[in-house]
$ cat my_file-v8.cif   # mmCIF, N, CA and C atoms
data_my_file
loop_
_atom_site.label_atom_id
_atom_site.label_comp_id
_atom_site.auth_asym_id
_atom_site.auth_seq_id
_atom_site.Cartn_x
_atom_site.Cartn_y
_atom_site.Cartn_z
N MET A 28 65.17 189.49 56.23
CA MET A 28 65.29 189.53 57.69
C MET A 28 66.73 189.18 58.08
N ASN A 29 67.54 190.17 58.20
CA ASN A 29 68.94 189.98 58.59
C ASN A 29 69.15 190.49 60.00
N LYS A 30 68.43 189.93 60.91
CA LYS A 30 68.59 190.33 62.31
C LYS A 30 69.66 189.45 62.94
N LYS A 31 70.59 190.07 63.66
CA LYS A 31 71.70 189.35 64.27
C LYS A 31 71.44 189.18 65.77
N PHE A 32 71.81 188.01 66.29
CA PHE A 32 71.63 187.73 67.72
C PHE A 32 72.68 188.46 68.54
N THR A 33 72.20 189.16 69.55
CA THR A 33 73.11 189.78 70.53
C THR A 33 72.62 189.38 71.91
N PHE A 34 73.56 188.89 72.69
CA PHE A 34 73.23 188.44 74.05
C PHE A 34 73.22 189.64 74.97
N ARG A 35 72.16 189.78 75.74
CA ARG A 35 71.99 190.97 76.58
C ARG A 35 73.00 191.05 77.72
N PHE A 36 73.56 189.91 78.12
CA PHE A 36 74.54 189.91 79.20
C PHE A 36 75.94 189.52 78.71
N GLN A 37 76.26 189.84 77.46
CA GLN A 37 77.54 189.43 76.89
C GLN A 37 78.71 190.03 77.66
N THR A 38 78.60 191.27 78.10
CA THR A 38 79.71 191.88 78.85
C THR A 38 79.90 191.17 80.19
N VAL A 39 78.80 190.79 80.81
CA VAL A 39 78.90 190.06 82.09
C VAL A 39 79.54 188.70 81.85
N LEU A 40 79.13 188.03 80.77
CA LEU A 40 79.72 186.73 80.43
C LEU A 40 81.22 186.88 80.17
N ASN A 41 81.62 187.93 79.47
CA ASN A 41 83.04 188.17 79.22
C ASN A 41 83.80 188.36 80.53
N VAL A 42 83.21 189.11 81.46
CA VAL A 42 83.84 189.32 82.76
C VAL A 42 83.96 188.00 83.51
N LYS A 43 82.93 187.18 83.47
CA LYS A 43 82.96 185.89 84.16
C LYS A 43 84.03 184.97 83.56
N GLU A 44 84.19 185.02 82.24
CA GLU A 44 85.24 184.22 81.59
C GLU A 44 86.62 184.69 82.03
N LYS A 45 86.80 186.00 82.11
CA LYS A 45 88.10 186.53 82.55
C LYS A 45 88.36 186.17 84.01
N GLU A 46 87.32 186.25 84.85
CA GLU A 46 87.47 185.85 86.26
C GLU A 46 87.89 184.40 86.36
N GLU A 47 87.29 183.55 85.54
CA GLU A 47 87.64 182.13 85.55
C GLU A 47 89.10 181.93 85.13
N ASP A 48 89.53 182.66 84.11
CA ASP A 48 90.93 182.56 83.68
C ASP A 48 91.88 182.99 84.80
N ILE A 49 91.53 184.04 85.51
CA ILE A 49 92.35 184.51 86.63
C ILE A 49 92.40 183.45 87.72
N LYS A 50 91.27 182.83 87.99
CA LYS A 50 91.23 181.78 89.02
C LYS A 50 92.06 180.57 88.60
N LYS A 51 92.06 180.25 87.32
CA LYS A 51 92.90 179.15 86.82
C LYS A 51 94.37 179.47 87.06
N TYR A 52 94.73 180.72 86.77
CA TYR A 52 96.11 181.15 87.01
C TYR A 52 96.45 181.05 88.49
N ASP A 53 95.51 181.50 89.35
CA ASP A 53 95.74 181.45 90.80
C ASP A 53 95.92 180.01 91.29
N VAL A 54 95.13 179.09 90.76
CA VAL A 54 95.26 177.68 91.13
C VAL A 54 96.63 177.16 90.70
N GLY A 55 97.04 177.51 89.49
CA GLY A 55 98.35 177.08 89.00
C GLY A 55 99.48 177.63 89.86
N PHE A 56 99.37 178.90 90.22
CA PHE A 56 100.39 179.54 91.05
C PHE A 56 100.46 178.88 92.43
N ALA A 57 99.29 178.66 93.03
CA ALA A 57 99.23 178.04 94.36
C ALA A 57 99.76 176.60 94.30
N THR A 58 99.47 175.90 93.23
CA THR A 58 99.96 174.53 93.07
C THR A 58 101.48 174.50 92.95
N LYS A 59 102.03 175.43 92.18
CA LYS A 59 103.49 175.50 92.04
C LYS A 59 104.14 175.81 93.38
N LYS A 60 103.54 176.74 94.12
CA LYS A 60 104.10 177.10 95.43
C LYS A 60 104.04 175.89 96.37
N HIS A 61 102.93 175.16 96.34
CA HIS A 61 102.79 173.96 97.17
C HIS A 61 103.85 172.93 96.79
N LYS A 62 104.07 172.74 95.51
CA LYS A 62 105.09 171.79 95.04
C LYS A 62 106.47 172.22 95.54
N LYS A 63 106.75 173.50 95.46
CA LYS A 63 108.04 174.02 95.93
C LYS A 63 108.22 173.76 97.42
N GLU A 64 107.18 174.01 98.21
CA GLU A 64 107.24 173.79 99.65
C GLU A 64 107.41 172.29 99.96
N THR A 65 106.70 171.45 99.21
CA THR A 65 106.81 170.01 99.41
C THR A 65 108.21 169.50 99.06
N ASP A 66 108.74 170.02 97.96
CA ASP A 66 110.11 169.63 97.57
C ASP A 66 111.12 170.06 98.63
N SER A 67 110.91 171.25 99.17
CA SER A 67 111.81 171.75 100.21
C SER A 67 111.73 170.84 101.45
N LEU A 68 110.52 170.42 101.80
CA LEU A 68 110.35 169.51 102.94
C LEU A 68 111.06 168.18 102.68
N GLU A 69 110.94 167.66 101.48
CA GLU A 69 111.61 166.40 101.14
C GLU A 69 113.12 166.54 101.25
N ASN A 70 113.64 167.66 100.79
CA ASN A 70 115.09 167.90 100.91
C ASN A 70 115.53 167.96 102.37
N MET A 71 114.72 168.59 103.20
CA MET A 71 115.04 168.65 104.63
C MET A 71 115.03 167.26 105.25
N GLU A 72 114.06 166.46 104.85
CA GLU A 72 113.99 165.09 105.37
C GLU A 72 115.22 164.28 104.94
N LYS A 73 115.67 164.49 103.71
CA LYS A 73 116.88 163.81 103.24
C LYS A 73 118.09 164.26 104.06
N ASN A 74 118.17 165.58 104.31
CA ASN A 74 119.28 166.10 105.12
C ASN A 74 119.26 165.52 106.52
N LYS A 75 118.07 165.37 107.06
CA LYS A 75 117.93 164.77 108.39
C LYS A 75 118.46 163.34 108.37
N GLY A 76 118.09 162.62 107.32
CA GLY A 76 118.57 161.24 107.18
C GLY A 76 120.08 161.18 107.08
N LYS A 77 120.67 162.12 106.34
CA LYS A 77 122.13 162.16 106.20
C LYS A 77 122.79 162.45 107.55
N ILE A 78 122.18 163.36 108.32
CA ILE A 78 122.74 163.68 109.65
C ILE A 78 122.68 162.46 110.56
N VAL A 79 121.58 161.72 110.51
CA VAL A 79 121.43 160.52 111.34
C VAL A 79 122.49 159.49 110.95
N ILE A 80 122.68 159.29 109.64
CA ILE A 80 123.69 158.32 109.18
C ILE A 80 125.08 158.77 109.62
N LYS A 81 125.35 160.04 109.45
CA LYS A 81 126.66 160.58 109.86
C LYS A 81 126.85 160.42 111.37
N TRP A 82 125.81 160.67 112.14
CA TRP A 82 125.87 160.54 113.59
C TRP A 82 126.16 159.09 113.99
N ARG A 83 125.48 158.14 113.32
CA ARG A 83 125.71 156.72 113.61
C ARG A 83 127.14 156.30 113.31
N GLU A 84 127.65 156.80 112.20
CA GLU A 84 129.05 156.47 111.84
C GLU A 84 130.02 157.05 112.86
N GLU A 85 129.76 158.28 113.25
CA GLU A 85 130.66 158.96 114.19
C GLU A 85 130.58 158.34 115.59
N THR A 86 129.41 157.85 115.98
CA THR A 86 129.28 157.26 117.32
C THR A 86 130.01 155.93 117.43
N LYS A 87 130.34 155.32 116.31
CA LYS A 87 131.12 154.08 116.35
C LYS A 87 132.56 154.38 116.78
N LYS A 88 132.97 155.62 116.51
CA LYS A 88 134.29 156.05 116.93
C LYS A 88 134.18 156.66 118.32
N ARG A 89 135.29 157.01 118.83
CA ARG A 89 135.26 157.74 120.11
C ARG A 89 134.96 159.19 119.81
N LEU A 90 133.98 159.71 120.52
CA LEU A 90 133.57 161.10 120.30
C LEU A 90 133.78 161.92 121.56
N LYS A 91 133.99 163.19 121.33
CA LYS A 91 134.06 164.13 122.45
C LYS A 91 132.66 164.65 122.70
N ILE A 92 132.46 165.15 123.88
CA ILE A 92 131.14 165.66 124.24
C ILE A 92 130.74 166.82 123.35
N LYS A 93 131.69 167.67 122.98
CA LYS A 93 131.36 168.82 122.12
C LYS A 93 130.87 168.34 120.75
N ASP A 94 131.41 167.22 120.23
CA ASP A 94 130.95 166.68 118.96
C ASP A 94 129.52 166.14 119.09
N LEU A 95 129.25 165.48 120.20
CA LEU A 95 127.89 164.99 120.44
C LEU A 95 126.91 166.16 120.53
N ARG A 96 127.32 167.22 121.20
CA ARG A 96 126.46 168.41 121.32
C ARG A 96 126.21 169.02 119.95
N ARG A 97 127.26 169.08 119.13
CA ARG A 97 127.12 169.65 117.79
C ARG A 97 126.12 168.83 116.97
N PHE A 98 126.23 167.49 117.04
CA PHE A 98 125.28 166.64 116.33
C PHE A 98 123.86 166.84 116.88
N ALA A 99 123.75 166.92 118.19
CA ALA A 99 122.44 167.12 118.80
C ALA A 99 121.85 168.46 118.37
N ASP A 100 122.69 169.50 118.35
CA ASP A 100 122.21 170.82 117.92
C ASP A 100 121.79 170.81 116.45
N GLU A 101 122.61 170.16 115.61
CA GLU A 101 122.26 170.05 114.19
C GLU A 101 120.93 169.32 114.02
N PHE A 102 120.80 168.23 114.78
CA PHE A 102 119.58 167.43 114.69
C PHE A 102 118.37 168.24 115.15
N GLU A 103 118.48 168.95 116.25
CA GLU A 103 117.38 169.79 116.74
C GLU A 103 117.05 170.89 115.74
N HIS A 104 118.09 171.48 115.17
CA HIS A 104 117.88 172.55 114.21
C HIS A 104 117.11 172.04 112.98
N ILE A 105 117.55 170.93 112.45
CA ILE A 105 116.87 170.38 111.27
C ILE A 105 115.45 169.93 111.62
N LYS A 106 115.25 169.43 112.83
CA LYS A 106 113.92 169.02 113.28
C LYS A 106 112.98 170.22 113.34
N MET A 107 113.48 171.33 113.86
CA MET A 107 112.66 172.55 113.93
C MET A 107 112.33 173.07 112.52
N LYS A 108 113.33 173.02 111.64
CA LYS A 108 113.09 173.46 110.27
C LYS A 108 112.03 172.59 109.59
N ILE A 109 112.09 171.29 109.87
CA ILE A 109 111.11 170.37 109.28
C ILE A 109 109.71 170.66 109.82
N GLU A 110 109.60 170.92 111.12
CA GLU A 110 108.30 171.24 111.70
C GLU A 110 107.73 172.52 111.07
N ASN A 111 108.59 173.53 110.93
CA ASN A 111 108.14 174.78 110.31
C ASN A 111 107.75 174.56 108.85
N GLN A 112 108.52 173.74 108.17
CA GLN A 112 108.23 173.47 106.77
C GLN A 112 106.93 172.68 106.64
N ASN A 113 106.66 171.76 107.58
CA ASN A 113 105.38 171.04 107.58
C ASN A 113 104.21 172.01 107.68
N ILE A 114 104.37 173.03 108.51
CA ILE A 114 103.32 174.05 108.65
C ILE A 114 103.13 174.79 107.33
N LEU A 115 104.25 175.15 106.69
CA LEU A 115 104.16 175.84 105.40
C LEU A 115 103.51 174.97 104.34
N VAL A 116 103.82 173.68 104.36
CA VAL A 116 103.21 172.76 103.38
C VAL A 116 101.71 172.67 103.60
N LYS A 117 101.29 172.58 104.86
CA LYS A 117 99.85 172.51 105.16
C LYS A 117 99.15 173.79 104.73
N LYS A 118 99.77 174.93 104.99
CA LYS A 118 99.17 176.22 104.60
C LYS A 118 99.06 176.31 103.08
N SER A 119 100.11 175.88 102.38
CA SER A 119 100.06 175.95 100.92
C SER A 119 99.01 174.99 100.36
N GLU A 120 98.84 173.85 101.01
CA GLU A 120 97.81 172.90 100.58
C GLU A 120 96.42 173.49 100.79
N GLU A 121 96.22 174.16 101.91
CA GLU A 121 94.94 174.82 102.18
C GLU A 121 94.68 175.91 101.15
N ARG A 122 95.74 176.63 100.78
CA ARG A 122 95.61 177.68 99.78
C ARG A 122 95.20 177.10 98.44
N VAL A 123 95.81 175.97 98.06
CA VAL A 123 95.44 175.32 96.81
C VAL A 123 93.97 174.92 96.84
N ASN A 124 93.54 174.32 97.95
CA ASN A 124 92.14 173.91 98.07
C ASN A 124 91.20 175.10 98.01
N GLN A 125 91.58 176.20 98.65
CA GLN A 125 90.76 177.41 98.62
C GLN A 125 90.67 177.96 97.19
N GLU A 126 91.80 177.99 96.50
CA GLU A 126 91.81 178.49 95.12
C GLU A 126 90.97 177.60 94.21
N ILE A 127 91.00 176.29 94.45
CA ILE A 127 90.19 175.37 93.65
C ILE A 127 88.70 175.64 93.89
N LYS A 128 88.33 175.88 95.14
CA LYS A 128 86.93 176.21 95.44
C LYS A 128 86.50 177.47 94.72
N LEU A 129 87.38 178.48 94.71
CA LEU A 129 87.06 179.73 94.03
C LEU A 129 86.95 179.50 92.52
N LEU A 130 87.80 178.64 91.98
CA LEU A 130 87.74 178.33 90.54
C LEU A 130 86.43 177.62 90.21
N VAL A 131 86.03 176.67 91.03
CA VAL A 131 84.77 175.95 90.80
C VAL A 131 83.60 176.93 90.82
N GLU A 132 83.62 177.85 91.76
CA GLU A 132 82.55 178.85 91.84
C GLU A 132 82.55 179.74 90.60
N ALA A 133 83.72 180.14 90.14
CA ALA A 133 83.81 180.98 88.94
C ALA A 133 83.29 180.21 87.72
N LYS A 134 83.59 178.91 87.65
CA LYS A 134 83.09 178.09 86.53
C LYS A 134 81.56 178.02 86.58
N LYS A 135 81.01 177.85 87.78
CA LYS A 135 79.55 177.79 87.92
C LYS A 135 78.92 179.08 87.43
N GLN A 136 79.51 180.22 87.83
CA GLN A 136 78.97 181.51 87.41
C GLN A 136 79.00 181.66 85.89
N ARG A 137 80.12 181.26 85.28
CA ARG A 137 80.23 181.36 83.82
C ARG A 137 79.21 180.45 83.15
N LYS A 138 79.05 179.23 83.66
CA LYS A 138 78.11 178.29 83.05
C LYS A 138 76.67 178.78 83.15
N ILE A 139 76.35 179.46 84.25
CA ILE A 139 75.01 180.02 84.40
C ILE A 139 74.72 180.99 83.26
N PHE A 140 75.68 181.88 82.98
CA PHE A 140 75.47 182.85 81.93
C PHE A 140 75.51 182.20 80.54
N GLU A 141 76.28 181.14 80.38
CA GLU A 141 76.29 180.45 79.10
C GLU A 141 74.95 179.75 78.85
N LYS A 142 74.37 179.17 79.90
CA LYS A 142 73.05 178.55 79.76
C LYS A 142 72.00 179.60 79.41
N LEU A 143 72.10 180.75 80.08
CA LEU A 143 71.18 181.85 79.79
C LEU A 143 71.34 182.30 78.34
N LYS A 144 72.58 182.34 77.87
CA LYS A 144 72.84 182.72 76.48
C LYS A 144 72.22 181.71 75.53
N GLU A 145 72.36 180.42 75.85
CA GLU A 145 71.75 179.37 75.01
C GLU A 145 70.23 179.53 74.96
N LYS A 146 69.63 179.77 76.11
CA LYS A 146 68.17 179.95 76.16
C LYS A 146 67.74 181.17 75.36
N ASP A 147 68.49 182.26 75.51
CA ASP A 147 68.18 183.47 74.75
C ASP A 147 68.33 183.22 73.25
N TYR A 148 69.36 182.47 72.87
CA TYR A 148 69.58 182.18 71.45
C TYR A 148 68.46 181.30 70.91
N ASP A 149 68.05 180.31 71.69
CA ASP A 149 66.94 179.45 71.25
C ASP A 149 65.67 180.27 71.08
N SER A 150 65.44 181.17 72.02
CA SER A 150 64.27 182.05 71.93
C SER A 150 64.38 182.96 70.71
N PHE A 151 65.58 183.46 70.46
CA PHE A 151 65.81 184.31 69.29
C PHE A 151 65.52 183.53 68.00
N LYS A 152 66.02 182.30 67.92
CA LYS A 152 65.78 181.47 66.73
C LYS A 152 64.29 181.22 66.54
N TYR A 153 63.60 180.92 67.62
CA TYR A 153 62.17 180.66 67.55
C TYR A 153 61.43 181.89 67.04
N ASP A 154 61.74 183.05 67.62
CA ASP A 154 61.09 184.29 67.20
C ASP A 154 61.42 184.62 65.75
N TYR A 155 62.67 184.38 65.36
CA TYR A 155 63.10 184.65 63.99
C TYR A 155 62.33 183.77 63.01
N LEU A 156 62.21 182.47 63.33
CA LEU A 156 61.48 181.55 62.46
C LEU A 156 59.99 181.91 62.39
N LYS A 157 59.43 182.32 63.52
CA LYS A 157 58.01 182.75 63.54
C LYS A 157 57.81 183.95 62.63
N ALA A 158 58.73 184.93 62.75
CA ALA A 158 58.63 186.14 61.93
C ALA A 158 58.78 185.79 60.45
N GLU A 159 59.67 184.85 60.15
CA GLU A 159 59.88 184.42 58.78
C GLU A 159 58.63 183.73 58.24
N GLU A 160 58.01 182.89 59.07
CA GLU A 160 56.76 182.22 58.66
C GLU A 160 55.66 183.23 58.40
N MET A 161 55.58 184.23 59.28
CA MET A 161 54.55 185.26 59.08
C MET A 161 54.78 186.02 57.78
N LEU A 162 56.04 186.30 57.47
CA LEU A 162 56.37 187.00 56.23
C LEU A 162 55.98 186.15 55.03
N VAL A 163 56.31 184.85 55.09
CA VAL A 163 55.94 183.94 53.99
C VAL A 163 54.42 183.87 53.86
N ASP A 164 53.71 183.79 54.99
CA ASP A 164 52.24 183.76 54.95
C ASP A 164 51.69 185.04 54.33
N GLN A 165 52.28 186.17 54.67
CA GLN A 165 51.81 187.45 54.11
C GLN A 165 52.04 187.48 52.60
N ILE A 166 53.23 186.98 52.17
CA ILE A 166 53.53 186.97 50.74
C ILE A 166 52.56 186.06 50.00
N VAL A 167 52.29 184.86 50.57
CA VAL A 167 51.36 183.92 49.95
C VAL A 167 49.96 184.52 49.91
N THR A 168 49.55 185.15 50.97
CA THR A 168 48.22 185.78 51.03
C THR A 168 48.13 186.89 50.00
N PHE A 169 49.16 187.69 49.90
CA PHE A 169 49.19 188.79 48.94
C PHE A 169 49.11 188.27 47.52
N LYS A 170 49.91 187.23 47.20
CA LYS A 170 49.89 186.66 45.85
C LYS A 170 48.55 186.02 45.54
N THR A 171 47.99 185.34 46.53
CA THR A 171 46.68 184.71 46.34
C THR A 171 45.62 185.77 46.08
N ALA A 172 45.66 186.85 46.84
CA ALA A 172 44.70 187.92 46.67
C ALA A 172 44.87 188.57 45.31
N ASN A 173 46.08 188.76 44.85
CA ASN A 173 46.32 189.35 43.53
C ASN A 173 45.86 188.43 42.41
N ASN A 174 46.08 187.13 42.60
CA ASN A 174 45.66 186.16 41.56
C ASN A 174 44.13 186.09 41.48
N ASN A 175 43.43 186.23 42.58
CA ASN A 175 41.98 186.18 42.59
C ASN A 175 41.39 187.43 41.98
N LYS A 176 42.04 188.53 42.08
CA LYS A 176 41.54 189.80 41.52
C LYS A 176 41.71 189.81 40.00
N GLY A 177 42.80 189.24 39.57
CA GLY A 177 43.14 189.36 38.15
C GLY A 177 42.62 188.30 37.34
#
$ encode --input "my_file-v8.cif" --output "structure tokens"
Amino acid sequence: MNKKFTFRFQTVLNVKEKEEDIKKYDVGFATKKHKKETDSLENMEKNKGKIVIKWREETKKRLKIKDLRRFADEFEHIKMKIENQNILVKKSEERVNQEIKLLVEAKKQRKIFEKLKEKDYDSFKYDYLKAEEMLVDQIVTFKTANNNKG
């Protein structure tokens, strides 16, 4: 009895495994993008801090109105960039969370088919052992019958 186990949904399981791998890649990509956006925000915050320090140093001296306006414009510009970057960071964080949810769902789908494969394999083993026992019983019965005749 050389019967080999074949899972009836093996192609579906293979597809689910590939989907999970794609979702892992998507999570990694989204995480990298989020890190990049966060780093960019941190750099903007540092630049804002440098502008504030520079403004404080310059205000100790006598300044012209045009210099004050330039500092105010720079400060407003960096503030707007930071607000926009905060929005991008939040969006990228939401994207990471969404990708993680999709990955979790893909893992659940794969695990469902793996459990089904385990159950099918257990059933296959049980049937195989039953068939083997029946064969042994037939051989013993045949030998016993031959010994009684002879």
$ atom_distance --input "my_file-v8.cif" --atom1 "atom C of Leu90 (chain A)" --atom2 "CA of Met107 (chain A)"
24.8 Å
$ atom_distance --input "my_file-v8.cif" --atom1 "atom C of Thr171 (chain A)" --atom2 "atom C of Lys152 (chain A)"
28.1 Å
$ closest_residue --input "my_file-v8.cif" --among "A:Leu130, A:Thr65, A:Lys146, A:Ile92" --to "Leu115 (chain A)" --atoms "all atoms listed in the file"
A:Thr65
$ atom_distance --input "my_file-v8.cif" --atom1 "CA of Ala99 (chain A)" --atom2 "CA of Trp82 (chain A)"
9.1 Å
$ resolve_selection --input "my_file-v8.cif" --expression "the PyMOL selection byres (((chain A and resi 64 and name CA) around 12) and name CA)" --output "list in words"
Ala57, Thr58, Lys59, Lys60, His61, Lys62, Lys63, Thr65, Asp66, Ser67, Leu68, Glu69, Asn70, Met71, Ile109, Asn111, Gln112, Asn113, Ile114, Leu115, Val116, Lys117, Lys118, Ser119 and Glu120 of chain A
$ closest_residue --input "my_file-v8.cif" --among "A:Asn175, A:Lys51, A:Leu40, A:Ala158" --to "Leu129 (chain A)" --atoms "only N, CA and C atoms"
A:Lys51
